[in-house]
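Presented below is the structure to which this report refers.
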Amino acid sequence: MMLKQKSNPKSINLEFVFIFIIFVLSPLEVFLSLGQFGTISKLIGIVLAIIFIIRRLKSNKMSFPYESIFLLIFIFISLNSYFWAYYPETAITRSITLFQLFILYLITFNTFVNKNENFYNNFYKLIIFSGLVISLYVIRNLFSLNSISKLTRISIAEEVDLNQLASFLLSPFFLSFHWVLIKSKKYAIFMLPISFAIILTQSRAALLVLIITIIIYFFLNGIIKTNLSIRQFILGIILFMIAIWIIPNEFFYRIIIILTDKNELMRGSGRNLIWKQAWNYFLSNPIGGVGSGNFFILNRPTHSSLFQIISELGLLGFASISSFLLASFRKTINYKTVNVNIECCLVIALIGMSLTLDIFYQKYLWIIFGIFAAKKYSYR
């Protein structure tokens, strides 16, 4: 199918650039705090919103994906949790954050919808390059150690949550992986360091999500369409074996113990206790939860967007966000439209990570959702 119209680069140049900057800075905000003024990405987001509003008022054009209705319902529920939350002020603050993320999602959608393939590819190239830069930093920390035996998870990035970092790197990995298979093998220059950096984070969730999403990718696109030759397959196996030889024993210990120790599997590095508490909050307040943002105040991060939503907003929040996801995937899987399927895989990977990681309020997640919706509507 053909796109509805071609892009006009001059009309969206600033929006394109600002969305990319926000995407890259979102997992690194710990380095970019401006104290009481918030973060750099937040300030850029304000400028982006102003530019977006001015341009849309001039053009008198604004598009809304129909699934965004469920997001607005979710925000409305979050705002109304003020009336039953343990900490009402927190519910208001969190609702404002949700609305800001909704605006970012809407801006991304309007910026990308009905644009040609080159427009998307240029953005994806920037994502892949940024993933490479971050990955090289992680690998640099590995080689800066005097001995490989000194490598620990914390040694590669002390200030950054490594699960969050691995979650962010999934997007540049899958984009470069996709291009290696359908465009040029030269993109392996990007894919291999990024995949190695993900492994170095030792995020078991990221590794599992990566494997499952690759299987889904081949299911959607078909191995034949990717032109994967036997020689390339063997080369991939060799590179994988080299990576296994380099990877420190600590990583394998984390994998083996969760496969051999049932108690460790059930604990999930302490997540079982947090999720149990979240579940108890849900059972005590099944309709509306304990209030938006309140679980963190009452306990600590849930390490799961699923448990975060059901504990804070109950069945109302779960139903609205589930409806959004179902509507987003509606009529998406099309075996003849490979170009849409890569966005589908990006969303699936991030949803998978959200089951064991609280990334629901990460800006890069909502930018990917916005691009996914825009690409889907562009090909209708």
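Labels for the structure tokens follow display order: chains A, B, ..., residues from 1 in each chain, ligands from 1.
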
Can you pull out every residue within 9 Å of segment 183-192 of chain A, counting only C-alpha atoms, but drop anything in the same chain fewer than 6 positions away, and send it as a PDB file with C-alpha atoms, in the first residue's frame?
```pdb
ATOM      1  CA  ILE A 128      20.826   3.244  15.903  1.00  0.00           C
ATOM      2  CA  PHE A 129      23.751   5.662  16.052  1.00  0.00           C
ATOM      3  CA  GLY A 131      22.535   3.205  20.637  1.00  0.00           C
ATOM      4  CA  LEU A 132      26.012   2.578  19.239  1.00  0.00           C
ATOM      5  CA  PRO A 172      18.465   0.404  18.334  1.00  0.00           C
ATOM      6  CA  PHE A 173      19.266  -3.316  18.451  1.00  0.00           C
ATOM      7  CA  PHE A 174      16.088  -4.429  16.668  1.00  0.00           C
ATOM      8  CA  LEU A 175      16.291  -1.617  14.112  1.00  0.00           C
ATOM      9  CA  SER A 176      19.891  -2.525  13.218  1.00  0.00           C
ATOM     10  CA  PHE A 177      18.983  -6.231  13.299  1.00  0.00           C
ATOM     11  CA  THR A 226      14.989 -11.556   5.208  1.00  0.00           C
ATOM     12  CA  LEU A 239      30.257 -14.260  16.577  1.00  0.00           C
TER      13      LEU A 239
END
```

Give me the segment 271-372 of chain A side of the contact with segment 93-107 of chain A, cut-off 10 Å, one line per residue showing its nearest atom pair and distance in Å at one decimal, counting only C-alpha atoms, sorted by chain and residue number, as a tab-separated table.
```
residue	atom	partner	partner_atom	distance
A:Gly291	CA	A:Arg94	CA	9.6
A:Ser292	CA	A:Arg94	CA	6.3
A:Gly293	CA	A:Arg94	CA	5.8
A:Asn294	CA	A:Arg94	CA	9.1
A:Phe360	CA	A:Leu98	CA	9.4
A:Tyr361	CA	A:Leu98	CA	7.4
A:Gln362	CA	A:Leu101	CA	8.4
A:Lys363	CA	A:Leu101	CA	6.7
A:Tyr364	CA	A:Tyr105	CA	9.7
A:Leu365	CA	A:Tyr105	CA	9.1
A:Trp366	CA	A:Tyr105	CA	5.4
A:Ile367	CA	A:Tyr105	CA	5.7
A:Ile368	CA	A:Tyr105	CA	8.3
A:Phe369	CA	A:Tyr105	CA	6.9
A:Gly370	CA	A:Tyr105	CA	4.9
A:Ile371	CA	A:Tyr105	CA	8.3
```

- [ ] Excluding Ala85 of chain A and residues on its chain fewer than 3 positions from it, collect all residues at most 6 Å away from it, counting only C-alpha atoms, and give them as a list of chain:residue names.
- [x]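 Here the qualifying residues turn out to be A:Ser81, A:Tyr82, A:Pro88, A:Val290, A:Gly291.
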
Next, the residues of the selection above should be written as a compact mmCIF listing (two decimals), in the first residue's frame with C-alpha atoms.
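The new file part_15.txt reads:
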```
# COMPACT_ATOMS: atom_id res chain seq x y z
CA SER A 81 -7.78 8.86 42.12
CA TYR A 82 -7.12 12.08 44.03
CA PRO A 88 -3.75 13.00 46.93
CA VAL A 290 -4.35 3.10 46.20
CA GLY A 291 -4.05 6.15 43.96
```

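If only C-alpha atoms are the atoms counted, then among A:Ser284, A:Ser195, A:Asn80, A:Ser378 the closest residue to Asn110 of chain A is A:Ser378.
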
Open item on the list: With only C-alpha atoms as the counted atoms, please give the residues lying no more than 12 Å from Ile215 of chain A, apart from itself and same-chain residues fewer than 5 positions off, as a ChimeraX atom specification.
Closed with: /A:174,208-210,220-223,345,348-349

- [ ] Identify, on the basis of only C-alpha atoms, every residue whose closest approach to Arg330 of chain A does not exceed 12 Å; exclude the query and any residue fewer than 3 positions from it along the same chain; express the result as a VMD selection string.
- [x] chain A and resid 66 to 67 323 to 327 333 to 334 344 372 to 373 376 to 377 380

Residues from the last selection, N, CA and C atoms, saved as a compact mmCIF listing (two decimals), in the first residue's frame:
```txt
# COMPACT_ATOMS: atom_id res chain seq x y z
N TYR A 66 -7.42 6.82 17.11
CA TYR A 66 -8.63 6.54 17.90
C TYR A 66 -8.30 5.86 19.22
N GLU A 67 -7.17 5.11 19.28
CA GLU A 67 -6.83 4.45 20.53
C GLU A 67 -6.40 5.43 21.62
N SER A 323 -7.24 -1.74 26.98
CA SER A 323 -8.01 -1.35 25.81
C SER A 323 -7.14 -0.55 24.83
N PHE A 324 -6.27 0.29 25.38
CA PHE A 324 -5.35 1.05 24.52
C PHE A 324 -4.42 0.11 23.76
N LEU A 325 -3.86 -0.88 24.45
CA LEU A 325 -2.94 -1.81 23.79
C LEU A 325 -3.65 -2.65 22.74
N LEU A 326 -4.84 -3.15 23.07
CA LEU A 326 -5.60 -3.95 22.11
C LEU A 326 -5.97 -3.13 20.87
N ALA A 327 -6.37 -1.89 21.10
CA ALA A 327 -6.71 -1.02 19.97
C ALA A 327 -5.47 -0.69 19.14
N ILE A 333 -1.07 -6.76 12.41
CA ILE A 333 -0.29 -7.88 11.89
C ILE A 333 -0.70 -8.14 10.44
N ASN A 334 0.19 -7.77 9.55
CA ASN A 334 -0.05 -7.93 8.11
C ASN A 334 1.22 -8.52 7.50
N CYS A 344 6.01 -2.91 15.18
CA CYS A 344 5.24 -3.83 16.03
C CYS A 344 6.18 -4.57 16.98
N PHE A 372 4.74 3.95 16.19
CA PHE A 372 4.00 2.73 15.83
C PHE A 372 2.61 3.09 15.31
N ALA A 373 1.91 3.97 16.04
CA ALA A 373 0.57 4.38 15.61
C ALA A 373 0.63 5.14 14.29
N LYS A 376 1.25 2.78 11.36
CA LYS A 376 0.06 1.97 11.09
C LYS A 376 -0.98 2.77 10.33
N TYR A 377 -1.23 4.00 10.75
CA TYR A 377 -2.24 4.82 10.08
C TYR A 377 -1.75 5.28 8.71
N ARG A 380 -2.63 2.58 6.10
CA ARG A 380 -4.02 2.15 5.95
C ARG A 380 -4.57 2.58 4.60
```
